[in-house]
file query.pdb (PDB, C-alpha atoms)
ATOM      1  CA  MET Z   1     -32.419 -91.450   7.991
ATOM      2  CA  LYS Z   2     -29.209 -93.170   9.043
ATOM      3  CA  LYS Z   3     -27.297 -89.862   8.768
ATOM      4  CA  CYS Z   4     -29.877 -88.105  10.945
ATOM      5  CA  LEU Z   5     -29.577 -90.793  13.594
ATOM      6  CA  ILE Z   6     -25.784 -90.537  13.585
ATOM      7  CA  ILE Z   7     -25.964 -86.745  13.940
ATOM      8  CA  VAL Z   8     -28.409 -86.997  16.849
ATOM      9  CA  VAL Z   9     -26.215 -89.584  18.599
ATOM     10  CA  LEU Z  10     -23.124 -87.427  18.112
ATOM     11  CA  LEU Z  11     -24.858 -84.327  19.423
ATOM     12  CA  LEU Z  12     -26.180 -86.147  22.487
ATOM     13  CA  SER Z  13     -22.852 -87.824  23.241
ATOM     14  CA  ASN Z  14     -21.079 -84.490  22.940
ATOM     15  CA  SER Z  15     -23.530 -82.944  25.400
ATOM     16  CA  ILE Z  16     -23.128 -85.809  27.869
ATOM     17  CA  PHE Z  17     -19.334 -85.656  27.564
ATOM     18  CA  ALA Z  18     -19.344 -81.900  28.217
ATOM     19  CA  GLN Z  19     -21.398 -82.353  31.386
ATOM     20  CA  ALA Z  20     -19.033 -85.040  32.639
ATOM     21  CA  GLU Z  21     -16.179 -82.568  32.437
ATOM     22  CA  VAL Z  22     -17.726 -79.868  34.626
ATOM     23  CA  VAL Z  23     -16.667 -81.222  38.022
ATOM     24  CA  SER Z  24     -13.239 -82.375  36.867
ATOM     25  CA  THR Z  25     -12.638 -79.021  35.173
ATOM     26  CA  PHE Z  26     -13.720 -77.187  38.312
ATOM     27  CA  ILE Z  27     -11.415 -79.356  40.457
ATOM     28  CA  GLU Z  28      -8.405 -78.662  38.247
ATOM     29  CA  LYS Z  29      -9.055 -74.908  38.455
ATOM     30  CA  TRP Z  30      -9.831 -75.149  42.189
ATOM     31  CA  ASP Z  31      -6.463 -76.825  42.884
ATOM     32  CA  ASN Z  32      -4.677 -74.091  40.925
ATOM     33  CA  SER Z  33      -6.677 -71.427  42.746
ATOM     34  CA  LYS Z  34      -5.600 -72.949  46.056
ATOM     35  CA  ASP Z  35      -1.946 -72.963  45.007
ATOM     36  CA  TYR Z  36      -2.154 -69.348  43.871
ATOM     37  CA  LEU Z  37      -3.890 -68.107  47.031
ATOM     38  CA  VAL Z  38      -1.369 -69.953  49.197
ATOM     39  CA  ALA Z  39       1.488 -68.360  47.223
ATOM     40  CA  VAL Z  40      -0.089 -64.919  47.750
ATOM     41  CA  ALA Z  41      -0.557 -65.612  51.481
ATOM     42  CA  GLU Z  42       3.057 -66.769  51.749
ATOM     43  CA  ALA Z  43       4.340 -63.665  49.943
ATOM     44  CA  MET Z  44       2.989 -61.276  52.593
ATOM     45  CA  PRO Z  45       5.302 -61.035  55.609
ATOM     46  CA  GLU Z  46       3.598 -62.108  58.820
ATOM     47  CA  ASP Z  47       4.088 -58.674  60.391
ATOM     48  CA  LYS Z  48       1.936 -57.194  57.585
ATOM     49  CA  TYR Z  49      -1.029 -59.573  57.966
ATOM     50  CA  ASP Z  50      -2.953 -56.809  59.773
ATOM     51  CA  TYR Z  51      -2.307 -54.354  56.931
ATOM     52  CA  LYS Z  52      -5.327 -52.690  55.341
ATOM     53  CA  PRO Z  53      -5.104 -49.943  52.724
ATOM     54  CA  ALA Z  54      -8.028 -47.984  54.207
ATOM     55  CA  GLU Z  55      -9.920 -48.155  57.487
ATOM     56  CA  ARG Z  56     -13.101 -49.355  55.754
ATOM     57  CA  GLU Z  57     -11.268 -52.318  54.188
ATOM     58  CA  MET Z  58     -10.590 -55.748  55.649
ATOM     59  CA  SER Z  59      -7.020 -56.452  56.643
ATOM     60  CA  PHE Z  60      -4.957 -58.957  54.671
ATOM     61  CA  LYS Z  61      -5.646 -61.556  57.354
ATOM     62  CA  GLU Z  62      -9.376 -60.728  57.465
ATOM     63  CA  GLN Z  63      -9.543 -61.140  53.678
ATOM     64  CA  LEU Z  64      -8.019 -64.628  54.026
ATOM     65  CA  PHE Z  65     -10.503 -65.560  56.764
ATOM     66  CA  HIS Z  66     -13.359 -64.187  54.646
ATOM     67  CA  ILE Z  67     -12.292 -66.287  51.648
ATOM     68  CA  GLN Z  68     -12.028 -69.344  53.875
ATOM     69  CA  ASP Z  69     -15.403 -68.789  55.517
ATOM     70  CA  ASN Z  70     -17.140 -68.399  52.152
ATOM     71  CA  MET Z  71     -15.632 -71.681  50.911
ATOM     72  CA  ASN Z  72     -16.760 -73.417  54.088
ATOM     73  CA  TRP Z  73     -20.272 -71.952  53.845
ATOM     74  CA  LEU Z  74     -20.887 -72.694  50.166
ATOM     75  CA  GLY Z  75     -19.230 -76.110  50.205
ATOM     76  CA  THR Z  76     -21.025 -77.284  53.328
ATOM     77  CA  THR Z  77     -24.421 -75.757  52.598
ATOM     78  CA  TYR Z  78     -24.760 -76.706  48.947
ATOM     79  CA  PHE Z  79     -22.554 -79.779  48.459
ATOM     80  CA  SER Z  80     -22.875 -81.766  51.665
ATOM     81  CA  GLU Z  81     -25.515 -82.995  54.082
ATOM     82  CA  GLU Z  82     -23.875 -81.152  56.974
ATOM     83  CA  LYS Z  83     -25.309 -78.012  58.458
ATOM     84  CA  TYR Z  84     -23.003 -75.021  58.120
ATOM     85  CA  VAL Z  85     -21.999 -73.464  61.405
ATOM     86  CA  LYS Z  86     -20.125 -70.184  61.101
ATOM     87  CA  LYS Z  87     -16.911 -70.169  63.087
ATOM     88  CA  GLU Z  88     -15.365 -66.983  64.290
ATOM     89  CA  ALA Z  89     -11.854 -66.364  63.019
ATOM     90  CA  VAL Z  90      -9.417 -67.549  65.637
ATOM     91  CA  LYS Z  91      -7.307 -64.674  66.881
ATOM     92  CA  GLY Z  92      -3.634 -65.201  67.420
ATOM     93  CA  LEU Z  93      -3.072 -67.745  64.657
ATOM     94  CA  SER Z  94       0.348 -67.596  63.059
ATOM     95  CA  LYS Z  95       0.805 -67.058  59.340
ATOM     96  CA  ALA Z  96       1.609 -70.763  58.952
ATOM     97  CA  GLN Z  97      -1.554 -71.750  60.839
ATOM     98  CA  ILE Z  98      -3.721 -69.419  58.739
ATOM     99  CA  ILE Z  99      -2.272 -70.857  55.534
ATOM    100  CA  GLN Z 100      -2.910 -74.385  56.805
ATOM    101  CA  GLU Z 101      -6.521 -73.452  57.609
ATOM    102  CA  ILE Z 102      -6.960 -72.132  54.055
ATOM    103  CA  LYS Z 103      -5.494 -75.310  52.555
ATOM    104  CA  THR Z 104      -7.846 -77.410  54.687
ATOM    105  CA  SER Z 105     -10.878 -75.401  53.549
ATOM    106  CA  PHE Z 106      -9.912 -75.747  49.888
ATOM    107  CA  ASP Z 107      -9.419 -79.491  50.336
ATOM    108  CA  THR Z 108     -12.725 -79.916  52.168
ATOM    109  CA  ALA Z 109     -14.630 -78.005  49.474
ATOM    110  CA  LYS Z 110     -12.902 -80.113  46.824
ATOM    111  CA  ARG Z 111     -13.917 -83.356  48.541
ATOM    112  CA  VAL Z 112     -17.595 -82.440  48.744
ATOM    113  CA  VAL Z 113     -17.719 -81.098  45.189
ATOM    114  CA  GLN Z 114     -16.092 -84.274  43.851
ATOM    115  CA  LYS Z 115     -19.012 -86.259  45.277
ATOM    116  CA  THR Z 116     -21.440 -84.222  43.171
ATOM    117  CA  ASN Z 117     -22.741 -85.997  40.104
ATOM    118  CA  ASP Z 118     -23.466 -84.225  36.857
ATOM    119  CA  ALA Z 119     -27.239 -84.348  37.254
ATOM    120  CA  GLU Z 120     -27.001 -82.513  40.579
ATOM    121  CA  LEU Z 121     -25.278 -79.517  38.970
ATOM    122  CA  SER Z 122     -28.515 -78.381  37.365
ATOM    123  CA  GLN Z 123     -30.445 -78.827  40.627
ATOM    124  CA  LYS Z 124     -31.828 -75.524  41.913
ATOM    125  CA  VAL Z 125     -31.079 -74.534  45.495
ATOM    126  CA  THR Z 126     -32.346 -71.746  47.684
ATOM    127  CA  PHE Z 127     -29.838 -68.935  47.849
ATOM    128  CA  PHE Z 128     -30.120 -65.451  49.339
ATOM    129  CA  ALA Z 129     -30.028 -64.029  45.792
ATOM    130  CA  GLY Z 130     -32.827 -66.319  44.598
ATOM    131  CA  GLN Z 131     -32.921 -69.826  43.190
ATOM    132  CA  LYS Z 132     -29.537 -70.854  41.770
ATOM    133  CA  SER Z 133     -28.218 -74.069  40.281
ATOM    134  CA  LYS Z 134     -25.399 -75.912  41.972
ATOM    135  CA  LEU Z 135     -23.320 -75.083  38.914
ATOM    136  CA  GLN Z 136     -23.898 -71.402  39.653
ATOM    137  CA  ILE Z 137     -22.789 -72.013  43.244
ATOM    138  CA  LEU Z 138     -19.573 -73.639  41.939
ATOM    139  CA  ASN Z 139     -18.959 -70.585  39.783
ATOM    140  CA  LEU Z 140     -19.630 -68.325  42.747
ATOM    141  CA  MET Z 141     -17.164 -70.243  44.926
ATOM    142  CA  GLN Z 142     -14.391 -69.697  42.412
ATOM    143  CA  ASP Z 143     -15.398 -66.135  41.595
ATOM    144  CA  HIS Z 144     -15.424 -65.172  45.269
ATOM    145  CA  VAL Z 145     -11.905 -66.511  45.801
ATOM    146  CA  THR Z 146     -10.728 -64.662  42.687
ATOM    147  CA  HIS Z 147     -12.363 -61.395  43.761
ATOM    148  CA  HIS Z 148     -10.793 -61.288  47.215
ATOM    149  CA  ARG Z 149      -7.449 -62.668  46.060
ATOM    150  CA  ALA Z 150      -7.289 -59.765  43.595
ATOM    151  CA  GLN Z 151      -7.817 -57.363  46.476
ATOM    152  CA  ILE Z 152      -4.959 -58.806  48.500
ATOM    153  CA  LEU Z 153      -2.707 -58.778  45.442
ATOM    154  CA  VAL Z 154      -3.150 -55.010  45.595
ATOM    155  CA  TYR Z 155      -2.196 -55.142  49.290
ATOM    156  CA  LEU Z 156       1.085 -56.815  48.291
ATOM    157  CA  ASN Z 157       1.769 -54.149  45.674
ATOM    158  CA  LEU Z 158       0.987 -51.335  48.109
ATOM    159  CA  ASN Z 159       3.676 -52.814  50.375
ATOM    160  CA  GLN Z 160       6.190 -53.034  47.496
ATOM    161  CA  ILE Z 161       6.013 -56.847  47.575
ATOM    162  CA  GLN Z 162       6.247 -58.617  44.241
ATOM    163  CA  PRO Z 163       3.129 -60.778  43.841
ATOM    164  CA  PRO Z 164       3.709 -64.402  42.922
ATOM    165  CA  LYS Z 165       3.388 -65.445  39.300
ATOM    166  CA  TYR Z 166      -0.188 -66.182  38.304
ATOM    167  CA  ILE Z 167      -1.236 -69.819  38.514
ATOM    168  CA  GLY Z 168      -4.110 -70.310  36.119
ATOM    169  CA  TRP Z 169      -5.508 -73.212  34.201
TER     170      TRP Z 169
END

call {"tool": "encode", "arguments": {"input": "query.pdb", "output": "structure tokens"}}
result
Amino acid sequence: MKKCLIIVVLLLSNSIFAQAEVVSTFIEKWDNSKDYLVAVAEAMPEDKYDYKPAEREMSFKEQLFHIQDNMNWLGTTYFSEEKYVKKEAVKGLSKAQIIQEIKTSFDTAKRVVQKTNDAELSQKVTFFAGQKSKLQILNLMQDHVTHHRAQILVYLNLNQIQPPKYIGW
């Protein structure tokens, strides 16, 4: 009986410990994702920010704005009490200003996610693709950045620009 109780306690404590790591693990990866996207944005010369490989594609700059807008939308809508208001991309921003805007969006998303407790991660929210947990929204935030960053890495290569070294875990 004593062995069974010890096993149950160990299993439960392991489960609780794993949940406690979700937000901190996400934040570590999020910070690295920010650093990597900023390095990619810095690698592209400013005069190529309007580059797009095909007419149907977003330009390098539009990809950056799209990444930023998605972070703002998901972070605000699902991890804060604020109402998300879509902002139009400001035309005429310099490369340095665009990069600063991206950094600010990453930092804002990080702040609101850090306020999320473990119990909230399993909470279901209304999403255009159906009910999703907040944990799924976290995964989507990161996946979306990764998806569009991969596209602009191709933009660098198509312009014979060496992409920055990968910044992962």

call {"tool": "resolve_selection", "arguments": {"input": "query.pdb", "expression": "the PyMOL selection byres ((chain Z and resi 43) around 12)", "output": "mmCIF file with C-alpha atoms, keeping the file's coordinate frame"}}
result
data_model
loop_
_atom_site.group_PDB
_atom_site.id
_atom_site.type_symbol
_atom_site.label_atom_id
_atom_site.label_comp_id
_atom_site.auth_asym_id
_atom_site.auth_seq_id
_atom_site.Cartn_x
_atom_site.Cartn_y
_atom_site.Cartn_z
ATOM 1 C CA TYR Z 36 -2.154 -69.348 43.871
ATOM 2 C CA LEU Z 37 -3.890 -68.107 47.031
ATOM 3 C CA VAL Z 38 -1.369 -69.953 49.197
ATOM 4 C CA ALA Z 39 1.488 -68.360 47.223
ATOM 5 C CA VAL Z 40 -0.089 -64.919 47.750
ATOM 6 C CA ALA Z 41 -0.557 -65.612 51.481
ATOM 7 C CA GLU Z 42 3.057 -66.769 51.749
ATOM 8 C CA MET Z 44 2.989 -61.276 52.593
ATOM 9 C CA PRO Z 45 5.302 -61.035 55.609
ATOM 10 C CA GLU Z 46 3.598 -62.108 58.820
ATOM 11 C CA ASP Z 47 4.088 -58.674 60.391
ATOM 12 C CA LYS Z 48 1.936 -57.194 57.585
ATOM 13 C CA TYR Z 49 -1.029 -59.573 57.966
ATOM 14 C CA PHE Z 60 -4.957 -58.957 54.671
ATOM 15 C CA LYS Z 95 0.805 -67.058 59.340
ATOM 16 C CA ALA Z 96 1.609 -70.763 58.952
ATOM 17 C CA ILE Z 99 -2.272 -70.857 55.534
ATOM 18 C CA ILE Z 152 -4.959 -58.806 48.500
ATOM 19 C CA LEU Z 153 -2.707 -58.778 45.442
ATOM 20 C CA TYR Z 155 -2.196 -55.142 49.290
ATOM 21 C CA LEU Z 156 1.085 -56.815 48.291
ATOM 22 C CA ASN Z 157 1.769 -54.149 45.674
ATOM 23 C CA ASN Z 159 3.676 -52.814 50.375
ATOM 24 C CA GLN Z 160 6.190 -53.034 47.496
ATOM 25 C CA ILE Z 161 6.013 -56.847 47.575
ATOM 26 C CA GLN Z 162 6.247 -58.617 44.241
ATOM 27 C CA PRO Z 163 3.129 -60.778 43.841
ATOM 28 C CA PRO Z 164 3.709 -64.402 42.922
ATOM 29 C CA LYS Z 165 3.388 -65.445 39.300
#

call {"tool": "atom_distance", "arguments": {"input": "query.pdb", "atom1": "atom CA of Val112 of chain Z", "atom2": "atom CA of Lys61 of chain Z"}}
result
25.6 Å

call {"tool": "residues_around", "arguments": {"input": "query.pdb", "residues": "segment 78-83 of chain Z", "least_positions_apart": "3", "cutoff": "9 Å", "atoms": "only C-alpha atoms", "output": "PyMOL selection string"}}
result
chain Z and resi 73-75+109+112-113+115-116+125+134+137

call {"tool": "closest_residue", "arguments": {"input": "query.pdb", "among": "Z:Asn32, Z:Thr108, Z:Thr25, Z:Asn72", "to": "Tyr166 of chain Z", "atoms": "only C-alpha atoms"}}
result
Z:Asn32

call {"tool": "closest_residue", "arguments": {"input": "query.pdb", "among": "Z:Thr104, Z:Gln63, Z:Gln123, Z:Asn139", "to": "Val23 of chain Z", "atoms": "all atoms listed in the file"}}
result
Z:Asn139

call {"tool": "closest_residue", "arguments": {"input": "query.pdb", "among": "Z:Ile27, Z:Leu138, Z:Ile102, Z:Leu121", "to": "Ile67 of chain Z", "atoms": "only C-alpha atoms"}}
result
Z:Ile102

call {"tool": "atom_distance", "arguments": {"input": "query.pdb", "atom1": "atom CA of Phe26 of chain Z", "atom2": "atom CA of His147 of chain Z"}}
result
16.8 Å

call {"tool": "atom_distance", "arguments": {"input": "query.pdb", "atom1": "atom CA of Asn70 of chain Z", "atom2": "atom CA of His144 of chain Z"}}
result
7.8 Å

call {"tool": "axis_aligned_box", "arguments": {"input": "query.pdb", "around": "segment 154-157 of chain Z", "padding_each_side": "8 Å", "output": "AutoDock Vina command-line options"}}
result
--center_x -0.7 --center_y -55.5 --center_z 47.4 --size_x 20.9 --size_y 18.7 --size_z 19.7

call {"tool": "closest_residue", "arguments": {"input": "query.pdb", "among": "Z:Gln68, Z:Ser59, Z:Ser24, Z:Gln136", "to": "Lys124 of chain Z", "atoms": "only C-alpha atoms"}}
result
Z:Gln136

call {"tool": "build_atoms", "arguments": {"input": "query.pdb", "residues": "segment 65-85 of chain Z", "atoms": "N, CA, C and O atoms", "output": "mmCIF file, keeping the file's coordinate frame"}}
result
data_model
loop_
_atom_site.group_PDB
_atom_site.id
_atom_site.type_symbol
_atom_site.label_atom_id
_atom_site.label_comp_id
_atom_site.auth_asym_id
_atom_site.auth_seq_id
_atom_site.Cartn_x
_atom_site.Cartn_y
_atom_site.Cartn_z
ATOM 1 N N PHE Z 65 -9.445 -64.904 55.984
ATOM 2 C CA PHE Z 65 -10.503 -65.560 56.764
ATOM 3 C C PHE Z 65 -11.847 -65.490 56.034
ATOM 4 O O PHE Z 65 -12.632 -66.428 56.062
ATOM 5 N N HIS Z 66 -12.105 -64.357 55.384
ATOM 6 C CA HIS Z 66 -13.359 -64.187 54.646
ATOM 7 C C HIS Z 66 -13.432 -65.178 53.478
ATOM 8 O O HIS Z 66 -14.477 -65.802 53.250
ATOM 9 N N ILE Z 67 -12.350 -65.317 52.748
ATOM 10 C CA ILE Z 67 -12.292 -66.287 51.648
ATOM 11 C C ILE Z 67 -12.563 -67.686 52.194
ATOM 12 O O ILE Z 67 -13.368 -68.439 51.639
ATOM 13 N N GLN Z 68 -11.881 -68.013 53.266
ATOM 14 C CA GLN Z 68 -12.028 -69.344 53.875
ATOM 15 C C GLN Z 68 -13.463 -69.582 54.341
ATOM 16 O O GLN Z 68 -14.040 -70.645 54.085
ATOM 17 N N ASP Z 69 -14.049 -68.626 54.997
ATOM 18 C CA ASP Z 69 -15.403 -68.789 55.517
ATOM 19 C C ASP Z 69 -16.408 -68.987 54.377
ATOM 20 O O ASP Z 69 -17.319 -69.812 54.477
ATOM 21 N N ASN Z 70 -16.229 -68.252 53.286
ATOM 22 C CA ASN Z 70 -17.140 -68.399 52.152
ATOM 23 C C ASN Z 70 -17.037 -69.792 51.540
ATOM 24 O O ASN Z 70 -18.055 -70.395 51.202
ATOM 25 N N MET Z 71 -15.812 -70.307 51.409
ATOM 26 C CA MET Z 71 -15.632 -71.681 50.911
ATOM 27 C C MET Z 71 -16.344 -72.672 51.816
ATOM 28 O O MET Z 71 -17.027 -73.577 51.340
ATOM 29 N N ASN Z 72 -16.147 -72.504 53.121
ATOM 30 C CA ASN Z 72 -16.760 -73.417 54.088
ATOM 31 C C ASN Z 72 -18.284 -73.350 54.001
ATOM 32 O O ASN Z 72 -18.960 -74.381 54.018
ATOM 33 N N TRP Z 73 -18.822 -72.136 53.912
ATOM 34 C CA TRP Z 73 -20.272 -71.952 53.845
ATOM 35 C C TRP Z 73 -20.861 -72.572 52.579
ATOM 36 O O TRP Z 73 -21.788 -73.390 52.655
ATOM 37 N N LEU Z 74 -20.325 -72.198 51.422
ATOM 38 C CA LEU Z 74 -20.887 -72.694 50.166
ATOM 39 C C LEU Z 74 -20.688 -74.199 50.006
ATOM 40 O O LEU Z 74 -21.610 -74.914 49.606
ATOM 41 N N GLY Z 75 -19.497 -74.684 50.330
ATOM 42 C CA GLY Z 75 -19.230 -76.110 50.205
ATOM 43 C C GLY Z 75 -20.114 -76.946 51.105
ATOM 44 O O GLY Z 75 -20.724 -77.937 50.675
ATOM 45 N N THR Z 76 -20.216 -76.537 52.361
ATOM 46 C CA THR Z 76 -21.025 -77.284 53.328
ATOM 47 C C THR Z 76 -22.506 -77.186 53.002
ATOM 48 O O THR Z 76 -23.210 -78.189 52.938
ATOM 49 N N THR Z 77 -22.993 -75.988 52.791
ATOM 50 C CA THR Z 77 -24.421 -75.757 52.598
ATOM 51 C C THR Z 77 -24.960 -76.389 51.323
ATOM 52 O O THR Z 77 -26.053 -76.966 51.329
ATOM 53 N N TYR Z 78 -24.209 -76.312 50.239
ATOM 54 C CA TYR Z 78 -24.760 -76.706 48.947
ATOM 55 C C TYR Z 78 -24.196 -78.010 48.371
ATOM 56 O O TYR Z 78 -24.730 -78.524 47.400
ATOM 57 N N PHE Z 79 -23.151 -78.555 49.007
ATOM 58 C CA PHE Z 79 -22.554 -79.779 48.459
ATOM 59 C C PHE Z 79 -22.348 -80.867 49.503
ATOM 60 O O PHE Z 79 -21.633 -81.830 49.258
ATOM 61 N N SER Z 80 -22.965 -80.715 50.658
ATOM 62 C CA SER Z 80 -22.875 -81.766 51.665
ATOM 63 C C SER Z 80 -24.200 -81.833 52.426
ATOM 64 O O SER Z 80 -25.061 -80.986 52.254
ATOM 65 N N GLU Z 81 -24.316 -82.829 53.253
ATOM 66 C CA GLU Z 81 -25.515 -82.995 54.082
ATOM 67 C C GLU Z 81 -25.348 -82.296 55.429
ATOM 68 O O GLU Z 81 -26.291 -82.215 56.206
ATOM 69 N N GLU Z 82 -24.140 -81.808 55.691
ATOM 70 C CA GLU Z 82 -23.875 -81.152 56.974
ATOM 71 C C GLU Z 82 -24.553 -79.789 57.033
ATOM 72 O O GLU Z 82 -24.807 -79.154 56.015
ATOM 73 N N LYS Z 83 -24.777 -79.357 58.243
ATOM 74 C CA LYS Z 83 -25.309 -78.012 58.458
ATOM 75 C C LYS Z 83 -24.123 -77.086 58.686
ATOM 76 O O LYS Z 83 -23.230 -77.377 59.479
ATOM 77 N N TYR Z 84 -24.091 -75.984 57.981
ATOM 78 C CA TYR Z 84 -23.003 -75.021 58.120
ATOM 79 C C TYR Z 84 -23.138 -74.283 59.444
ATOM 80 O O TYR Z 84 -24.211 -73.786 59.785
ATOM 81 N N VAL Z 85 -22.064 -74.234 60.173
ATOM 82 C CA VAL Z 85 -21.999 -73.464 61.405
ATOM 83 C C VAL Z 85 -20.840 -72.484 61.253
ATOM 84 O O VAL Z 85 -19.679 -72.894 61.113
#
